>>> print(open('coords.txt').read())   # compact mmCIF, C-alpha atoms
# COMPACT_ATOMS: atom_id res chain seq x y z
CA MET A 605 0.00 0.00 0.00
CA ARG A 606 2.78 2.38 1.00
CA LYS A 607 4.75 1.42 -2.11
CA THR A 608 1.76 2.16 -4.35
CA PHE A 609 1.27 5.54 -2.67
CA LEU A 610 4.94 6.43 -3.13
CA LEU A 611 4.87 5.42 -6.79
CA THR A 612 1.74 7.48 -7.39
CA ALA A 613 3.24 10.47 -5.61
CA ALA A 614 6.42 10.14 -7.63
CA ALA A 615 4.46 9.99 -10.88
CA THR A 616 2.54 13.14 -9.90
CA LEU A 617 5.76 14.96 -9.09
CA LEU A 618 7.29 13.93 -12.41
CA ALA A 619 4.23 15.19 -14.31
CA SER A 620 4.37 18.50 -12.43
CA ALA A 621 8.06 18.78 -13.14
CA ALA A 622 7.45 18.18 -16.84
CA VAL A 623 4.99 21.09 -16.92
CA ALA A 624 7.34 23.29 -14.95
CA GLN A 625 10.21 22.54 -17.34
CA ALA A 626 8.12 23.69 -20.30
CA THR A 627 8.86 27.34 -19.68
CA GLU A 628 7.87 28.37 -23.20
CA ILE A 629 4.83 27.55 -25.30
CA THR A 630 3.96 28.71 -28.80
CA ILE A 631 0.47 30.03 -29.52
CA ALA A 632 -0.68 30.72 -33.07
CA SER A 633 -3.60 33.03 -33.84
CA TRP A 634 -4.80 35.24 -36.69
CA GLY A 635 -3.07 38.53 -36.07
CA GLY A 636 -4.55 42.02 -36.26
CA SER A 637 -6.74 43.59 -33.59
CA TYR A 638 -8.06 40.17 -32.61
CA GLN A 639 -4.71 38.70 -31.60
CA ASP A 640 -3.76 42.02 -30.02
CA ALA A 641 -6.86 41.73 -27.80
CA GLN A 642 -6.07 38.11 -26.97
CA SER A 643 -2.54 39.08 -26.08
CA LYS A 644 -3.52 41.93 -23.75
CA ALA A 645 -6.44 40.19 -22.05
CA LEU A 646 -5.29 36.57 -21.96
CA PHE A 647 -1.78 35.65 -23.05
CA GLU A 648 0.33 38.32 -21.35
CA PRO A 649 -1.46 38.31 -17.95
CA ALA A 650 -1.54 34.51 -17.83
CA SER A 651 2.13 34.36 -18.76
CA ALA A 652 2.93 36.71 -15.88
CA ALA A 653 0.81 34.66 -13.47
CA THR A 654 2.20 31.26 -14.44
CA GLY A 655 5.79 32.10 -15.35
CA VAL A 656 5.35 30.40 -18.73
CA THR A 657 6.86 32.39 -21.60
CA VAL A 658 4.43 32.71 -24.50
CA LYS A 659 5.85 32.89 -27.98
CA GLN A 660 3.16 34.22 -30.32
CA ASP A 661 2.86 33.38 -33.99
CA THR A 662 0.29 33.90 -36.72
CA TYR A 663 -0.97 31.16 -38.97
CA GLY A 664 -3.34 30.41 -41.81
CA GLY A 665 -5.67 28.04 -40.00
CA MET A 666 -6.00 24.29 -39.75
CA ALA A 667 -4.27 23.74 -43.09
CA ASP A 668 -1.06 24.77 -41.33
CA VAL A 669 -1.79 22.37 -38.47
CA ARG A 670 -2.48 19.58 -40.95
CA LEU A 671 0.91 20.17 -42.59
CA GLN A 672 2.73 20.15 -39.25
CA VAL A 673 1.00 17.00 -38.04
CA SER A 674 1.43 15.14 -41.34
CA THR A 675 5.16 15.89 -41.44
CA GLY A 676 5.70 15.22 -37.75
CA GLN A 677 7.13 18.71 -37.30
CA VAL A 678 4.65 20.25 -34.87
CA THR A 679 5.80 23.60 -33.47
CA PHE A 680 2.49 25.01 -32.23
CA ASP A 681 1.35 24.14 -28.71
CA ILE A 682 -1.96 26.04 -28.88
CA VAL A 683 -3.85 27.41 -31.87
CA ALA A 684 -6.84 29.74 -32.05
CA SER A 685 -9.55 28.28 -34.25
CA GLY A 686 -13.05 28.79 -35.45
CA SER A 687 -15.39 26.31 -33.82
CA GLY A 688 -16.36 24.62 -37.08
CA SER A 689 -12.78 24.22 -38.27
CA ALA A 690 -11.82 22.73 -34.92
CA ALA A 691 -14.70 20.25 -35.08
CA ARG A 692 -13.53 19.07 -38.49
CA ALA A 693 -9.85 18.99 -37.49
CA GLY A 694 -10.67 16.97 -34.39
CA ALA A 695 -12.58 14.46 -36.50
CA GLU A 696 -9.55 14.20 -38.80
CA GLY A 697 -7.26 13.36 -35.89
CA LEU A 698 -5.28 16.61 -36.07
CA LEU A 699 -5.93 17.68 -32.47
CA GLU A 700 -5.30 16.38 -28.98
CA PRO A 701 -8.37 15.70 -26.82
CA LEU A 702 -8.48 18.40 -24.15
CA ASP A 703 -8.10 17.47 -20.50
CA TYR A 704 -11.20 18.81 -18.76
CA ASN A 705 -9.89 17.48 -15.47
CA VAL A 706 -7.39 20.33 -15.80
CA ILE A 707 -9.49 22.89 -17.72
CA ASP A 708 -12.53 23.99 -15.69
CA VAL A 709 -15.56 24.65 -17.91
CA SER A 710 -18.18 24.31 -15.17
CA ASN A 711 -19.23 27.97 -15.62
CA PHE A 712 -19.10 28.01 -19.41
CA TYR A 713 -22.15 28.66 -21.54
CA PRO A 714 -23.53 25.40 -22.94
CA ASN A 715 -22.07 24.21 -26.25
CA LEU A 716 -19.08 26.60 -26.11
CA TYR A 717 -16.52 23.84 -25.73
CA SER A 718 -15.95 20.45 -27.32
CA GLU A 719 -13.71 17.44 -26.98
CA TYR A 720 -10.97 19.14 -28.97
CA CYS A 721 -11.50 22.88 -28.49
CA VAL A 722 -12.33 25.12 -25.54
CA GLY A 723 -14.17 28.39 -26.19
CA GLY A 724 -12.20 31.60 -25.87
CA ASP A 725 -14.78 34.18 -26.99
CA VAL A 726 -18.21 34.57 -28.56
CA PHE A 727 -18.51 36.60 -31.76
CA SER A 728 -20.89 37.25 -34.62
CA THR A 729 -20.52 37.18 -38.39
CA VAL A 730 -22.46 40.26 -39.47
CA TYR A 731 -23.05 42.43 -42.52
CA ALA A 732 -21.40 45.82 -42.22
CA TRP A 733 -21.78 48.93 -44.33
CA ASN A 734 -20.01 52.18 -45.07
CA THR A 735 -21.94 54.98 -43.34
CA ASP A 736 -20.60 57.51 -45.83
CA THR A 737 -22.38 55.52 -48.55
CA TYR A 738 -25.64 54.62 -46.83
CA GLY A 739 -25.76 56.74 -43.70
CA GLU A 740 -27.55 55.07 -40.81
CA ASN A 741 -30.05 53.43 -43.18
CA GLY A 742 -27.90 50.48 -44.09
CA PRO A 743 -29.05 46.92 -44.72
CA GLN A 744 -31.05 45.25 -41.96
CA SER A 745 -31.13 41.70 -43.34
CA TRP A 746 -29.12 39.42 -45.59
CA ALA A 747 -31.74 40.00 -48.28
CA ASP A 748 -30.79 43.69 -48.13
CA PHE A 749 -27.09 42.84 -48.36
CA PHE A 750 -27.72 40.86 -51.55
CA ASP A 751 -30.11 43.47 -53.00
CA THR A 752 -27.94 45.56 -55.35
CA GLU A 753 -30.86 47.63 -56.62
CA LYS A 754 -31.97 48.78 -53.18
CA PHE A 755 -28.35 49.09 -52.00
CA PRO A 756 -26.09 49.67 -54.99
CA GLY A 757 -22.37 49.49 -54.38
CA SER A 758 -19.42 47.14 -54.06
CA ARG A 759 -19.26 44.20 -51.69
CA ALA A 760 -16.63 42.05 -50.03
CA TYR A 761 -17.40 38.45 -49.11
CA ARG A 762 -15.70 35.58 -47.31
CA GLY A 763 -13.17 33.74 -49.45
CA SER A 764 -13.68 30.43 -47.62
CA VAL A 765 -16.81 28.49 -46.84
CA ALA A 766 -17.13 29.10 -43.07
CA GLY A 767 -20.02 31.52 -42.56
CA ALA A 768 -20.47 32.08 -46.29
CA LEU A 769 -23.37 29.80 -47.21
CA GLU A 770 -25.80 30.56 -44.39
CA PRO A 771 -26.24 34.28 -45.31
CA ALA A 772 -26.86 33.37 -48.94
CA LEU A 773 -29.70 31.00 -48.02
CA MET A 774 -31.30 33.54 -45.68
CA ALA A 775 -31.07 36.10 -48.48
CA ASP A 776 -32.80 33.55 -50.73
CA GLY A 777 -35.74 33.35 -48.33
CA VAL A 778 -34.89 30.30 -46.21
CA PRO A 779 -36.10 30.84 -42.61
CA MET A 780 -33.28 31.05 -40.08
CA ASP A 781 -34.29 27.84 -38.30
CA GLN A 782 -34.28 25.84 -41.56
CA VAL A 783 -30.89 26.95 -42.91
CA TYR A 784 -28.87 23.90 -41.84
CA GLU A 785 -31.63 21.51 -42.89
CA VAL A 786 -31.48 22.95 -46.41
CA LEU A 787 -27.66 22.95 -46.41
CA SER A 788 -27.57 19.25 -45.55
CA SER A 789 -27.51 18.20 -49.19
CA GLU A 790 -25.40 19.09 -52.21
CA GLU A 791 -28.51 20.61 -53.78
CA GLY A 792 -28.92 22.96 -50.82
CA ILE A 793 -25.26 23.94 -50.94
CA GLU A 794 -25.60 24.61 -54.66
CA ARG A 795 -28.63 26.82 -53.95
CA ALA A 796 -26.51 28.95 -51.64
CA LEU A 797 -23.69 29.09 -54.19
CA ASN A 798 -26.10 30.20 -56.90
CA LYS A 799 -27.19 33.11 -54.71
CA ILE A 800 -23.56 34.14 -54.27
CA ARG A 801 -23.08 33.82 -58.03
CA GLU A 802 -25.89 36.37 -58.49
CA LEU A 803 -24.05 38.81 -56.24
CA ARG A 804 -20.61 38.09 -57.66
CA PRO A 805 -20.54 40.95 -60.22
CA ASN A 806 -20.75 43.29 -57.22
CA ILE A 807 -18.16 41.45 -55.11
CA SER A 808 -14.85 43.21 -55.60
CA VAL A 809 -12.94 41.31 -52.88
CA PHE A 810 -13.16 37.84 -51.38
CA TRP A 811 -11.52 38.44 -48.01
CA SER A 812 -9.34 35.92 -46.24
CA SER A 813 -8.80 37.42 -42.78
CA GLY A 814 -10.43 39.63 -40.19
CA ALA A 815 -7.62 42.14 -40.49
CA GLN A 816 -8.33 42.37 -44.22
CA HIS A 817 -12.08 42.97 -44.00
CA ALA A 818 -11.57 45.58 -41.27
CA GLN A 819 -8.99 47.36 -43.42
CA LEU A 820 -11.34 47.32 -46.41
CA MET A 821 -13.86 49.30 -44.38
CA LYS A 822 -11.24 51.64 -42.90
CA ASP A 823 -9.97 52.44 -46.40
CA GLY A 824 -13.48 52.76 -47.85
CA GLU A 825 -12.60 50.24 -50.56
CA VAL A 826 -16.01 48.56 -50.45
CA ASP A 827 -19.49 49.72 -49.51
CA MET A 828 -20.48 46.54 -47.67
CA THR A 829 -18.81 43.42 -46.38
CA THR A 830 -19.42 40.40 -44.26
CA GLY A 831 -17.18 40.00 -41.25
CA TRP A 832 -16.73 39.82 -37.51
CA ASN A 833 -18.39 42.35 -35.26
CA GLY A 834 -15.41 43.06 -33.02
CA ARG A 835 -13.17 43.87 -35.97
CA PHE A 836 -15.67 46.48 -37.15
CA ASP A 837 -15.96 48.02 -33.69
CA ASN A 838 -12.19 48.39 -33.54
CA ALA A 839 -12.14 49.82 -37.07
CA ALA A 840 -14.82 52.35 -36.08
CA ALA A 841 -12.76 53.32 -33.03
CA ASP A 842 -9.89 53.99 -35.44
CA GLY A 843 -12.10 56.30 -37.51
CA ALA A 844 -13.64 53.93 -40.04
CA LYS A 845 -17.09 54.91 -41.30
CA VAL A 846 -18.72 51.58 -40.52
CA ASP A 847 -21.82 50.21 -38.85
CA TYR A 848 -23.44 46.76 -38.68
CA SER A 849 -26.48 44.87 -37.41
CA PHE A 850 -26.88 41.72 -35.31
CA ASN A 851 -30.15 40.83 -37.07
CA GLN A 852 -29.74 37.40 -38.76
CA ALA A 853 -26.05 37.39 -37.82
CA LEU A 854 -24.26 34.08 -37.25
CA LEU A 855 -23.54 33.47 -33.57
CA ASP A 856 -20.28 31.62 -33.23
CA TYR A 857 -17.31 31.17 -30.98
CA ASP A 858 -13.57 30.99 -31.32
CA CYS A 859 -11.75 28.38 -29.36
CA PHE A 860 -8.30 27.13 -28.46
CA ALA A 861 -6.99 23.73 -29.55
CA VAL A 862 -3.81 21.72 -29.04
CA PRO A 863 -2.34 20.19 -32.22
CA LYS A 864 -1.67 16.46 -32.21
CA GLY A 865 1.90 15.94 -31.06
CA ALA A 866 2.31 19.43 -29.58
CA PRO A 867 5.79 19.57 -28.03
CA ASN A 868 4.51 21.01 -24.74
CA LYS A 869 1.08 19.40 -24.48
CA ASP A 870 0.86 19.28 -20.67
CA ALA A 871 1.93 22.90 -20.31
CA ALA A 872 -0.61 23.84 -23.02
CA MET A 873 -3.43 22.22 -21.03
CA GLN A 874 -2.38 24.12 -17.90
CA PHE A 875 -2.21 27.38 -19.83
CA LEU A 876 -5.67 26.83 -21.33
CA ALA A 877 -6.98 26.24 -17.83
CA GLU A 878 -5.52 29.58 -16.78
CA ILE A 879 -6.91 31.70 -19.63
CA SER A 880 -10.35 30.09 -19.25
CA LYS A 881 -10.74 31.69 -15.82
CA PRO A 882 -13.21 34.61 -15.49
CA GLU A 883 -10.55 37.07 -14.29
CA TYR A 884 -8.96 36.90 -17.76
CA GLN A 885 -12.08 36.59 -19.89
CA ASP A 886 -13.69 39.66 -18.31
CA ASP A 887 -10.89 41.79 -19.78
CA LEU A 888 -11.38 40.74 -23.40
CA PRO A 889 -14.27 43.18 -24.13
CA LYS A 890 -11.94 46.05 -23.16
CA TYR A 891 -9.99 45.40 -26.34
CA ILE A 892 -12.51 43.85 -28.74
CA THR A 893 -16.29 43.50 -28.46
CA TYR A 894 -16.46 39.74 -28.24
CA GLY A 895 -18.29 38.10 -25.35
CA PRO A 896 -16.70 35.78 -22.79
CA THR A 897 -17.47 32.07 -22.86
CA ASN A 898 -17.17 31.81 -19.08
CA LYS A 899 -20.44 33.12 -17.61
CA ALA A 900 -18.70 34.01 -14.35
CA ALA A 901 -16.86 36.76 -16.25
CA TYR A 902 -20.09 38.77 -16.14
CA ASP A 903 -20.08 38.62 -12.33
CA THR A 904 -16.66 40.08 -11.62
CA GLY A 905 -17.76 43.71 -12.05
CA GLU A 906 -15.38 44.34 -14.95
CA ILE A 907 -18.07 44.19 -17.66
CA SER A 908 -20.63 46.97 -17.28
CA ALA A 909 -24.27 46.58 -18.29
CA GLU A 910 -23.67 49.07 -21.11
CA VAL A 911 -20.77 47.05 -22.50
CA ALA A 912 -22.67 43.76 -22.07
CA ALA A 913 -25.54 45.13 -24.16
CA ASN A 914 -23.19 45.45 -27.16
CA LEU A 915 -21.72 41.97 -26.90
CA PRO A 916 -22.88 39.18 -29.24
CA SER A 917 -23.70 36.85 -26.35
CA SER A 918 -26.06 39.24 -24.56
CA PRO A 919 -29.58 37.72 -24.48
CA GLU A 920 -31.15 40.45 -26.64
CA ASN A 921 -28.50 40.18 -29.37
CA ALA A 922 -28.23 36.40 -29.27
CA ALA A 923 -31.99 36.04 -29.80
CA MET A 924 -31.70 37.69 -33.25
CA GLN A 925 -29.00 35.35 -34.50
CA LEU A 926 -28.45 31.93 -36.02
CA PRO A 927 -26.16 29.78 -33.87
CA ILE A 928 -23.51 28.04 -35.96
CA SER A 929 -24.07 24.27 -36.21
CA LEU A 930 -20.87 22.38 -35.39
CA GLU A 931 -22.61 19.15 -36.37
CA TRP A 932 -23.17 20.49 -39.88
CA TYR A 933 -19.56 21.63 -40.23
CA ALA A 934 -18.19 18.32 -38.96
CA LYS A 935 -20.24 16.44 -41.58
CA TRP A 936 -20.40 18.81 -44.55
CA GLU A 937 -17.51 21.28 -44.43
CA THR A 938 -15.16 19.29 -46.67
CA VAL A 939 -17.75 18.83 -49.42
CA ALA A 940 -19.00 22.41 -49.12
CA ALA A 941 -15.46 23.83 -49.16
CA GLU A 942 -14.65 21.98 -52.39
CA MET A 943 -17.82 23.25 -54.02
CA TYR A 944 -17.13 26.79 -52.78
CA GLN A 945 -13.59 26.82 -54.17
CA GLU A 946 -14.87 25.54 -57.52
CA MET A 947 -17.33 28.43 -57.57
CA LEU A 948 -14.51 30.92 -56.83
CA THR A 949 -12.41 29.65 -59.74
CA GLU A 950 -15.20 29.69 -62.33
>>> encode(input="coords.txt", output="C-alpha cells")
Amino acid sequence: MRKTFLLTAAATLLASAAVAQATEITIASWGGSYQDAQSKALFEPASAATGVTVKQDTYGGMADVRLQVSTGQVTFDIVASGSGSAARAGAEGLLEPLDYNVIDVSNFYPNLYSEYCVGGDVFSTVYAWNTDTYGENGPQSWADFFDTEKFPGSRAYRGSVAGALEPALMADGVPMDQVYEVLSSEEGIERALNKIRELRPNISVFWSSGAQHAQLMKDGEVDMTTGWNGRFDNAAADGAKVDYSFNQALLDYDCFAVPKGAPNKDAAMQFLAEISKPEYQDDLPKYITYGPTNKAAYDTGEISAEVAANLPSSPENAAMQLPISLEWYAKWETVAAEMYQEMLTE
C-alpha cells in the first residue's frame, strides 16, 4: 500500500516537473486587432501569473496544423480556431483531446466547448456597411445585403466556406431555423452558391482574414462586407465609417486547440486552464467587443451593463441570431469547401 502511494506520488511529481520545465509555449492566432486583444487580455497576464513564456505566432488556419502533423514537425502548442474548423480537425485526428480534469468549464455557456476545443470568446458574423455611402439606413437583413438595386455598391465576401453559405440562403428566403436543414444536401449547398453567383458581379474582394475585411472598411474600398463584429468596432474606433447589425447574424465562438503531437502538451493544457478563468475573460471586451465564454466573467464587475448590451452573447442580441451548427460543419464542411472553391475559380 505504502509502495503504491509512493509510486503514485512520484508519478505526480514527475508530471508536475514536466509542466514546470516547459517554460515556453507557442500560440498561433490570426493577427490584427483580434490577436492584439487576446494578447492583452489573456496571453500576457496569464504568462505573468504562471511564469510560462508565451511565444506568439500567426498562422493560416487548420491547413497549417495539418501540414505540421502530417510531417511530424509540430511547433504550435496552442492554436486559435473557429469552432467549425476545430470540429472538423478533431474528427480528422489533427488535435489532442483536451483534458477537462485540468481545464474547468463548469461555468461556461452550454455548447461553447468540445472534446478538442475550448471556447475563448463569442462573436458574430455580421453584414457591415459604409456609413458615408448609406448613412444610418444600411441593410437590416441578408436580403438587403444581396439586394444591389436597393443598396447599390461594391461588396466584399468571405473567401472560404465558413459563414459564407448561411447568409446566402437567408437572403434567398430560407427561414433562419431551416438553414442547416437545407444545407444538408449538395442541392442545398448549390442553392446557396447560386445566390452568391448572383451577387458576384458586385463582389470586388473575397476576403481571407479579419484584419483584411476591417482594413477594407477603414480604407473605404467597399461599400459593404461580411465580417466579424469586433473587428468592425475596432475599425470604427480607429475612424472607419462603418456600422453593422446583429439581425440574422451568425452566432459563433472561437476556441483554443492543441495540435496532435504538440511539443509542450501538458503545459498547453495548464495554460488553457488559466486563460479560461473569469478574471482573464472579463478583460477581453476592453480590447474587442467579443463576449466571454465563461459566464462568471459577467459577475466580476469588470463588464458593465452598457458594454454587455453590445456583446454578441447578450440575451437580446443572441436572440436575433443563427447559432452556428458544429454538427453540420463536422459532416459537410469538406464537401462544401470543395464546391465553394470551384465556384470561386469559375
>>> residues_near_point(input="coords.txt", point="(-29.6, 37.3, -44.1)", cutoff="8 Å", atoms="all atoms listed in the file", output="NGL selection string")
:A and (745-749 or 770-775 or 851-853)
>>> closest_residue(input="coords.txt", among="A:Lys869, A:Asp847, A:Cys859, A:Glu628", to="Asp703 of chain A", atoms="only C-alpha atoms")
A:Lys869
>>> residues_near_point(input="coords.txt", point="(-20.3, 29.6, -63.2)", cutoff="12 Å", atoms="all atoms listed in the file", output="PDB file with C-alpha atoms, in the frame of the given file")
ATOM      1  CA  GLU A 794     -25.600  24.610 -54.660  1.00  0.00           C
ATOM      2  CA  LEU A 797     -23.690  29.090 -54.190  1.00  0.00           C
ATOM      3  CA  ASN A 798     -26.100  30.200 -56.900  1.00  0.00           C
ATOM      4  CA  LYS A 799     -27.190  33.110 -54.710  1.00  0.00           C
ATOM      5  CA  ILE A 800     -23.560  34.140 -54.270  1.00  0.00           C
ATOM      6  CA  ARG A 801     -23.080  33.820 -58.030  1.00  0.00           C
ATOM      7  CA  GLU A 802     -25.890  36.370 -58.490  1.00  0.00           C
ATOM      8  CA  ARG A 804     -20.610  38.090 -57.660  1.00  0.00           C
ATOM      9  CA  PRO A 805     -20.540  40.950 -60.220  1.00  0.00           C
ATOM     10  CA  MET A 943     -17.820  23.250 -54.020  1.00  0.00           C
ATOM     11  CA  TYR A 944     -17.130  26.790 -52.780  1.00  0.00           C
ATOM     12  CA  GLN A 945     -13.590  26.820 -54.170  1.00  0.00           C
ATOM     13  CA  GLU A 946     -14.870  25.540 -57.520  1.00  0.00           C
ATOM     14  CA  MET A 947     -17.330  28.430 -57.570  1.00  0.00           C
ATOM     15  CA  LEU A 948     -14.510  30.920 -56.830  1.00  0.00           C
ATOM     16  CA  THR A 949     -12.410  29.650 -59.740  1.00  0.00           C
ATOM     17  CA  GLU A 950     -15.200  29.690 -62.330  1.00  0.00           C
TER      18      GLU A 950
END
>>> closest_residue(input="coords.txt", among="A:Asn838, A:Thr679, A:Ser687, A:Ser643", to="Gly723 of chain A", atoms="only C-alpha atoms")
A:Ser687
>>> closest_residue(input="coords.txt", among="A:Ser728, A:Val778, A:Phe875, A:Val862", to="Gln925 of chain A", atoms="all atoms listed in the file")
A:Ser728
>>> closest_residue(input="coords.txt", among="A:Leu769, A:Val706, A:Ile907, A:Val783", to="Ala796 of chain A", atoms="only C-alpha atoms")
A:Leu769
>>> residues_around(input="coords.txt", residues="Glu740 of chain A", least_positions_apart="3", cutoff="12 Å", atoms="only C-alpha atoms", output="ChimeraX atom specification")
/A:732-737,743-744,845-849
>>> atom_distance(input="coords.txt", atom1="atom CA of Leu787 of chain A", atom2="atom CA of Arg670 of chain A")
26.0 Å
>>> closest_residue(input="coords.txt", among="A:Tyr663, A:Thr654, A:Gly763, A:Asp858", to="Trp634 of chain A", atoms="only C-alpha atoms")
A:Tyr663
>>> closest_residue(input="coords.txt", among="A:Val683, A:Ala768, A:Leu646, A:Val709", to="Val730 of chain A", atoms="all atoms listed in the file")
A:Ala768
>>> residues_around(input="coords.txt", residues="segment 815-825 of chain A", least_positions_apart="5", cutoff="12 Å", atoms="only C-alpha atoms", output="PDB file with C-alpha atoms, keeping the file's coordinate frame")
ATOM      1  CA  SER A 633      -3.600  33.030 -33.840  1.00  0.00           C
ATOM      2  CA  TRP A 634      -4.800  35.240 -36.690  1.00  0.00           C
ATOM      3  CA  GLY A 635      -3.070  38.530 -36.070  1.00  0.00           C
ATOM      4  CA  GLY A 636      -4.550  42.020 -36.260  1.00  0.00           C
ATOM      5  CA  SER A 637      -6.740  43.590 -33.590  1.00  0.00           C
ATOM      6  CA  TYR A 638      -8.060  40.170 -32.610  1.00  0.00           C
ATOM      7  CA  GLN A 639      -4.710  38.700 -31.600  1.00  0.00           C
ATOM      8  CA  ASP A 640      -3.760  42.020 -30.020  1.00  0.00           C
ATOM      9  CA  THR A 729     -20.520  37.180 -38.390  1.00  0.00           C
ATOM     10  CA  VAL A 730     -22.460  40.260 -39.470  1.00  0.00           C
ATOM     11  CA  TYR A 731     -23.050  42.430 -42.520  1.00  0.00           C
ATOM     12  CA  ALA A 732     -21.400  45.820 -42.220  1.00  0.00           C
ATOM     13  CA  TRP A 733     -21.780  48.930 -44.330  1.00  0.00           C
ATOM     14  CA  ASN A 734     -20.010  52.180 -45.070  1.00  0.00           C
ATOM     15  CA  THR A 735     -21.940  54.980 -43.340  1.00  0.00           C
ATOM     16  CA  ASP A 736     -20.600  57.510 -45.830  1.00  0.00           C
ATOM     17  CA  THR A 737     -22.380  55.520 -48.550  1.00  0.00           C
ATOM     18  CA  GLY A 757     -22.370  49.490 -54.380  1.00  0.00           C
ATOM     19  CA  SER A 758     -19.420  47.140 -54.060  1.00  0.00           C
ATOM     20  CA  ARG A 759     -19.260  44.200 -51.690  1.00  0.00           C
ATOM     21  CA  ALA A 760     -16.630  42.050 -50.030  1.00  0.00           C
ATOM     22  CA  TYR A 761     -17.400  38.450 -49.110  1.00  0.00           C
ATOM     23  CA  ARG A 762     -15.700  35.580 -47.310  1.00  0.00           C
ATOM     24  CA  GLY A 763     -13.170  33.740 -49.450  1.00  0.00           C
ATOM     25  CA  ILE A 807     -18.160  41.450 -55.110  1.00  0.00           C
ATOM     26  CA  SER A 808     -14.850  43.210 -55.600  1.00  0.00           C
ATOM     27  CA  VAL A 809     -12.940  41.310 -52.880  1.00  0.00           C
ATOM     28  CA  PHE A 810     -13.160  37.840 -51.380  1.00  0.00           C
ATOM     29  CA  THR A 830     -19.420  40.400 -44.260  1.00  0.00           C
ATOM     30  CA  GLY A 831     -17.180  40.000 -41.250  1.00  0.00           C
ATOM     31  CA  TRP A 832     -16.730  39.820 -37.510  1.00  0.00           C
ATOM     32  CA  ASN A 833     -18.390  42.350 -35.260  1.00  0.00           C
ATOM     33  CA  GLY A 834     -15.410  43.060 -33.020  1.00  0.00           C
ATOM     34  CA  ARG A 835     -13.170  43.870 -35.970  1.00  0.00           C
ATOM     35  CA  PHE A 836     -15.670  46.480 -37.150  1.00  0.00           C
ATOM     36  CA  ASP A 837     -15.960  48.020 -33.690  1.00  0.00           C
ATOM     37  CA  ASN A 838     -12.190  48.390 -33.540  1.00  0.00           C
ATOM     38  CA  ALA A 839     -12.140  49.820 -37.070  1.00  0.00           C
ATOM     39  CA  ALA A 840     -14.820  52.350 -36.080  1.00  0.00           C
ATOM     40  CA  ALA A 841     -12.760  53.320 -33.030  1.00  0.00           C
ATOM     41  CA  ASP A 842      -9.890  53.990 -35.440  1.00  0.00           C
ATOM     42  CA  GLY A 843     -12.100  56.300 -37.510  1.00  0.00           C
ATOM     43  CA  ALA A 844     -13.640  53.930 -40.040  1.00  0.00           C
ATOM     44  CA  LYS A 845     -17.090  54.910 -41.300  1.00  0.00           C
ATOM     45  CA  VAL A 846     -18.720  51.580 -40.520  1.00  0.00           C
ATOM     46  CA  ASP A 847     -21.820  50.210 -38.850  1.00  0.00           C
ATOM     47  CA  TYR A 848     -23.440  46.760 -38.680  1.00  0.00           C
TER      48      TYR A 848
END
>>> closest_atom_pairs(input="coords.txt", of="segment 648-691 of chain A", to="segment 926-935 of chain A", cutoff="10 Å", atoms="all atoms listed in the file", output="JSON lines")
{"residue": "A:Ser687", "atom": "CA", "partner": "A:Leu930", "partner_atom": "CA", "distance": 6.9}
{"residue": "A:Gly688", "atom": "CA", "partner": "A:Leu930", "partner_atom": "CA", "distance": 5.3}
{"residue": "A:Ser689", "atom": "CA", "partner": "A:Tyr933", "partner_atom": "CA", "distance": 7.5}
{"residue": "A:Ala690", "atom": "CA", "partner": "A:Ala934", "partner_atom": "CA", "distance": 8.7}
{"residue": "A:Ala691", "atom": "CA", "partner": "A:Ala934", "partner_atom": "CA", "distance": 5.6}
>>> atom_distance(input="coords.txt", atom1="atom CA of Glu696 of chain A", atom2="atom CA of Gly865 of chain A")
13.9 Å
>>> residues_around(input="coords.txt", residues="Ser880 of chain A", least_positions_apart="5", cutoff="8 Å", atoms="all atoms listed in the file", output="NGL selection string")
:A and (707-709 or 724 or 885 or 898)
>>> write_last_selection(input="coords.txt", atoms="C-alpha atoms", output="tab-separated table (two decimals), in the coordinates of the input")
chain	number	residue	atom	x	y	z
A	707	ILE	CA	-9.49	22.89	-17.72
A	708	ASP	CA	-12.53	23.99	-15.69
A	709	VAL	CA	-15.56	24.65	-17.91
A	724	GLY	CA	-12.20	31.60	-25.87
A	885	GLN	CA	-12.08	36.59	-19.89
A	898	ASN	CA	-17.17	31.81	-19.08
>>> atom_distance(input="coords.txt", atom1="atom CA of Gly694 of chain A", atom2="atom CA of Val765 of chain A")
18.0 Å
>>> decode(input="coords.txt", residues="segment 684-696 of chain A", atoms="C-alpha atoms", output="PDB file, in the first residue's frame")
ATOM      1  CA  ALA A 684      -6.836  29.738 -32.045  1.00  0.00           C
ATOM      2  CA  SER A 685      -9.546  28.275 -34.249  1.00  0.00           C
ATOM      3  CA  GLY A 686     -13.046  28.789 -35.447  1.00  0.00           C
ATOM      4  CA  SER A 687     -15.390  26.313 -33.816  1.00  0.00           C
ATOM      5  CA  GLY A 688     -16.357  24.621 -37.083  1.00  0.00           C
ATOM      6  CA  SER A 689     -12.778  24.224 -38.273  1.00  0.00           C
ATOM      7  CA  ALA A 690     -11.821  22.729 -34.923  1.00  0.00           C
ATOM      8  CA  ALA A 691     -14.696  20.245 -35.084  1.00  0.00           C
ATOM      9  CA  ARG A 692     -13.528  19.067 -38.488  1.00  0.00           C
ATOM     10  CA  ALA A 693      -9.845  18.988 -37.492  1.00  0.00           C
ATOM     11  CA  GLY A 694     -10.674  16.971 -34.394  1.00  0.00           C
ATOM     12  CA  ALA A 695     -12.584  14.459 -36.500  1.00  0.00           C
ATOM     13  CA  GLU A 696      -9.546  14.203 -38.801  1.00  0.00           C
TER      14      GLU A 696
END
